[in-house]
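Data first, discussion second: the structure below is written as structure tokens.
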Amino acid sequence: MKTAIWLYLFLFVAFFDLHAQYPILTPFAVSIGAAPSFIGLMMGMYSLTHLPGNVIAGYGVDRYGSRLFIVFSLAAAGGILLLQSKVTDPWQLL
């Protein structure tokens with residue numbers, strides 16, 4: 001039971017990271033002058049890059065355990081979000 005709770009918590013964090021960007025990143029892109037077609041491309045690329053990352057992480061989690069991948073992915077997501085705060089051009093978001 002305790003393992004299931006932790007699993008659901010980590011799944012929530014993983015999906016929150018993926019889907020919390022959509023309502024925030026789109027208005028931000030509009031505010032710096034991105035065209036609607038570019039925003040669609042940007043959000044599509046954002047979703048597309050999650051697929052290979054999840055496949056690679058799934059293989060690595062099975063082989064090495066989940067703790068390293070959880071810490072690394074959360075730290076990398078935090079670093080990328082810090083870089084996004086310095087964006088001035090829509091192409092930098094892509």
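By order of appearance in the structure tokens: chains A, B, ..., then residues from 1 within every chain, and ligands from 1 in the order shown.
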Query raised in the report: Which polymer residues have any atom within 12 Å of an atom of Ala77 (chain A), counting only C-alpha atoms, with same-chain residues fewer than 3 positions away left out, as a list of chain:residue names?
Result: A:Val13, A:Ala14, A:Phe16, A:Asp17, A:Leu18, A:Gln21, A:His50, A:Phe69, A:Ile70, A:Val71, A:Phe72, A:Ser73, A:Leu74, A:Ile80, A:Leu81, A:Leu82, A:Leu83, A:Gln84
Query raised in the report: If you count only C-alpha atoms, which residues fall within 6 Å of region 34-44 of chain A, apart from same-chain ones fewer than 3 positions away, as a PyMOL selection string?
Result: chain A and resi 29-30+47+90+94
For the selection just defined, write its residues with C-alpha atoms to a file, as an mmCIF file, in the first residue's frame.
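Now in again_21.cif:
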data_model
loop_
_atom_site.group_PDB
_atom_site.id
_atom_site.type_symbol
_atom_site.label_atom_id
_atom_site.label_comp_id
_atom_site.auth_asym_id
_atom_site.auth_seq_id
_atom_site.Cartn_x
_atom_site.Cartn_y
_atom_site.Cartn_z
ATOM 1 C CA ALA A 29 4.893 32.628 -26.167
ATOM 2 C CA VAL A 30 2.100 34.971 -27.313
ATOM 3 C CA SER A 47 5.270 16.552 -26.431
ATOM 4 C CA PRO A 90 10.060 32.799 -29.578
ATOM 5 C CA LEU A 94 11.775 25.848 -29.378
#
Requested in this report: Select, from A:Phe28, A:Phe12, A:Lys2, A:Gly60, the residue with the minimum atom-to-atom distance to Val87 (chain A), counting only C-alpha atoms.
Outcome: A:Phe28
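Straight-line separation from CA of Tyr22 (chain A) to CA of Tyr46 (chain A): 9.6 Å.
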Query raised in the report: When distances are computed from only C-alpha atoms, which of A:Gly33, A:Met45, A:Thr3, A:Asn54 shows the smallest separation from Phe15 (chain A)?
Result: A:Asn54
Query - Per-residue DSSP, region 53-88 of chain A, filtered to helix (DSSP H, G or I), as a ChimeraX atom specification - result: /A:53-64,67-84
